[in-house]
Amino acid sequence: MNIFLEIAVNIVLSFVATVGFIILFNAPRMELAFCGLCGSISWMVYFAIERIFAGAYPVAAVFFAMIVSAYVGRTLSYSRKVPLLIYLIGSIIPLVPGAGIYYTMSAAMTNETAYALNKGIETFKVAGVIAVGIIVVLALPRQIFDFLPEKKTKN
């Protein structure tokens, strides 16, 4: 498959999946596109790092993807006067290790203990670095995120 087509498909699918999932959380309709943008950014950073390092560092890829998307989400949160959690949920959706959890449980049920342990540890690492990536961005001072113009509020 052409790499540009693959990138375009990944961007569109991550955007649609994020928006579809964020609707379940009753996000404001005006923020759905921005939530989809955060999800697409997190997936594309992860996708790029996975491609560059040939899948050797999946935990690091998730960590850097989460830092970038949490930064974008926090910037949007300050500029649009919307709670950060809306954007964070959108950016976490593509990175959640759902397949890892499934494979861990499947291997555990079929008595493949070594594989289950290996996959389970990797899944916990991915879940942990999602949290650490968010914490790193939340620890940054607010002034770093104030470069976008603020959304006008009605008084």
# chains A, B, ... in the order shown; residues from 1 in each chain; ligands from 1
call {"tool": "select_by_dssp", "arguments": {"residues": "chain A", "states": "helix (DSSP H, G or I)", "output": "PyMOL selection string"}}
result
chain A and resi 3-23+29-52+58-80+84-95+98-109+113-138+142-145
call {"tool": "residues_around", "arguments": {"residues": "A:Leu32", "least_positions_apart": "5", "cutoff": "8 Å", "atoms": "only C-alpha atoms", "output": "MDAnalysis selection string"}}
result
chainID A and resid 19 22:23 27
call {"tool": "closest_residue", "arguments": {"among": "A:Asn26, A:Val126, A:Gly36, A:Ile7", "to": "A:Arg51", "atoms": "only C-alpha atoms"}}
result
A:Ile7
call {"tool": "residues_around", "arguments": {"residues": "stretch 134-140 of chain A", "least_positions_apart": "4", "cutoff": "10 Å", "atoms": "only C-alpha atoms", "output": "PDB file with N, CA, C and O atoms, in the first residue's frame"}}
result
ATOM      1  N   PHE A  63       4.179   6.716  25.009  1.00  0.00           N
ATOM      2  CA  PHE A  63       4.564   7.818  25.901  1.00  0.00           C
ATOM      3  C   PHE A  63       4.692   9.128  25.130  1.00  0.00           C
ATOM      4  O   PHE A  63       4.098  10.142  25.511  1.00  0.00           O
ATOM      5  N   MET A  66       1.357  10.364  23.824  1.00  0.00           N
ATOM      6  CA  MET A  66       0.522  10.934  24.885  1.00  0.00           C
ATOM      7  C   MET A  66       1.005  12.324  25.284  1.00  0.00           C
ATOM      8  O   MET A  66       0.190  13.216  25.543  1.00  0.00           O
ATOM      9  N   ILE A  67       2.307  12.527  25.318  1.00  0.00           N
ATOM     10  CA  ILE A  67       2.825  13.858  25.647  1.00  0.00           C
ATOM     11  C   ILE A  67       2.390  14.876  24.591  1.00  0.00           C
ATOM     12  O   ILE A  67       1.897  15.958  24.930  1.00  0.00           O
ATOM     13  N   VAL A  68       2.544  14.527  23.332  1.00  0.00           N
ATOM     14  CA  VAL A  68       2.174  15.457  22.253  1.00  0.00           C
ATOM     15  C   VAL A  68       0.676  15.743  22.276  1.00  0.00           C
ATOM     16  O   VAL A  68       0.248  16.897  22.219  1.00  0.00           O
ATOM     17  N   SER A  69      -0.134  14.705  22.393  1.00  0.00           N
ATOM     18  CA  SER A  69      -1.586  14.925  22.342  1.00  0.00           C
ATOM     19  C   SER A  69      -2.098  15.595  23.614  1.00  0.00           C
ATOM     20  O   SER A  69      -3.044  16.381  23.554  1.00  0.00           O
ATOM     21  N   ALA A  70      -1.490  15.324  24.761  1.00  0.00           N
ATOM     22  CA  ALA A  70      -1.896  16.023  25.987  1.00  0.00           C
ATOM     23  C   ALA A  70      -1.519  17.499  25.908  1.00  0.00           C
ATOM     24  O   ALA A  70      -2.262  18.358  26.382  1.00  0.00           O
ATOM     25  N   TYR A  71      -0.390  17.801  25.291  1.00  0.00           N
ATOM     26  CA  TYR A  71      -0.006  19.196  25.088  1.00  0.00           C
ATOM     27  C   TYR A  71      -1.009  19.900  24.174  1.00  0.00           C
ATOM     28  O   TYR A  71      -1.457  21.009  24.472  1.00  0.00           O
ATOM     29  N   VAL A  72      -1.360  19.259  23.081  1.00  0.00           N
ATOM     30  CA  VAL A  72      -2.345  19.838  22.160  1.00  0.00           C
ATOM     31  C   VAL A  72      -3.693  20.004  22.879  1.00  0.00           C
ATOM     32  O   VAL A  72      -4.348  21.039  22.762  1.00  0.00           O
ATOM     33  N   GLY A  73      -4.097  18.985  23.634  1.00  0.00           N
ATOM     34  CA  GLY A  73      -5.356  19.057  24.367  1.00  0.00           C
ATOM     35  C   GLY A  73      -5.371  20.168  25.403  1.00  0.00           C
ATOM     36  O   GLY A  73      -6.372  20.873  25.559  1.00  0.00           O
ATOM     37  N   ARG A  74      -4.258  20.333  26.107  1.00  0.00           N
ATOM     38  CA  ARG A  74      -4.202  21.390  27.120  1.00  0.00           C
ATOM     39  C   ARG A  74      -4.217  22.768  26.468  1.00  0.00           C
ATOM     40  O   ARG A  74      -4.854  23.692  26.969  1.00  0.00           O
ATOM     41  N   LEU A  84     -10.210  20.190  30.268  1.00  0.00           N
ATOM     42  CA  LEU A  84      -9.166  19.402  29.614  1.00  0.00           C
ATOM     43  C   LEU A  84      -9.559  17.940  29.452  1.00  0.00           C
ATOM     44  O   LEU A  84      -9.161  17.292  28.485  1.00  0.00           O
ATOM     45  N   LEU A  88      -8.518  15.021  26.683  1.00  0.00           N
ATOM     46  CA  LEU A  88      -7.684  13.891  27.112  1.00  0.00           C
ATOM     47  C   LEU A  88      -8.345  12.553  26.798  1.00  0.00           C
ATOM     48  O   LEU A  88      -7.678  11.614  26.361  1.00  0.00           O
ATOM     49  N   ILE A  92      -6.722   9.659  24.368  1.00  0.00           N
ATOM     50  CA  ILE A  92      -6.391   8.346  24.932  1.00  0.00           C
ATOM     51  C   ILE A  92      -7.027   7.221  24.116  1.00  0.00           C
ATOM     52  O   ILE A  92      -6.450   6.133  24.008  1.00  0.00           O
ATOM     53  N   VAL A 129       2.329   4.424  31.059  1.00  0.00           N
ATOM     54  CA  VAL A 129       2.927   5.569  30.374  1.00  0.00           C
ATOM     55  C   VAL A 129       1.870   6.523  29.831  1.00  0.00           C
ATOM     56  O   VAL A 129       2.167   7.705  29.640  1.00  0.00           O
ATOM     57  N   ILE A 130       0.662   6.050  29.623  1.00  0.00           N
ATOM     58  CA  ILE A 130      -0.418   6.983  29.280  1.00  0.00           C
ATOM     59  C   ILE A 130      -0.626   7.952  30.441  1.00  0.00           C
ATOM     60  O   ILE A 130      -0.699   9.163  30.253  1.00  0.00           O
ATOM     61  N   ILE A 144       2.853  28.305  29.200  1.00  0.00           N
ATOM     62  CA  ILE A 144       3.303  27.639  27.977  1.00  0.00           C
ATOM     63  C   ILE A 144       2.144  27.437  27.006  1.00  0.00           C
ATOM     64  O   ILE A 144       2.341  27.385  25.797  1.00  0.00           O
ATOM     65  N   PHE A 145       0.929  27.395  27.517  1.00  0.00           N
ATOM     66  CA  PHE A 145      -0.235  27.056  26.701  1.00  0.00           C
ATOM     67  C   PHE A 145      -1.069  28.273  26.307  1.00  0.00           C
ATOM     68  O   PHE A 145      -2.124  28.123  25.724  1.00  0.00           O
TER      69      PHE A 145
END
call {"tool": "residues_around", "arguments": {"residues": "A:Ala116", "least_positions_apart": "3", "cutoff": "8 Å", "atoms": "only C-alpha atoms", "output": "ChimeraX atom specification"}}
result
/A:103-108,112-113,119-120
call {"tool": "closest_residue", "arguments": {"among": "A:Arg29, A:Asp146, A:Ala131, A:Ala65", "to": "A:Pro94", "atoms": "only C-alpha atoms"}}
result
A:Ala65
call {"tool": "atom_distance", "arguments": {"atom1": "atom CA of A:Asn10", "atom2": "atom CA of A:Ser91"}}
result
14.4 Å
call {"tool": "closest_residue", "arguments": {"among": "A:Gly55, A:Pro28, A:Gly90, A:Gly98", "to": "A:Val16", "atoms": "only C-alpha atoms"}}
result
A:Gly90
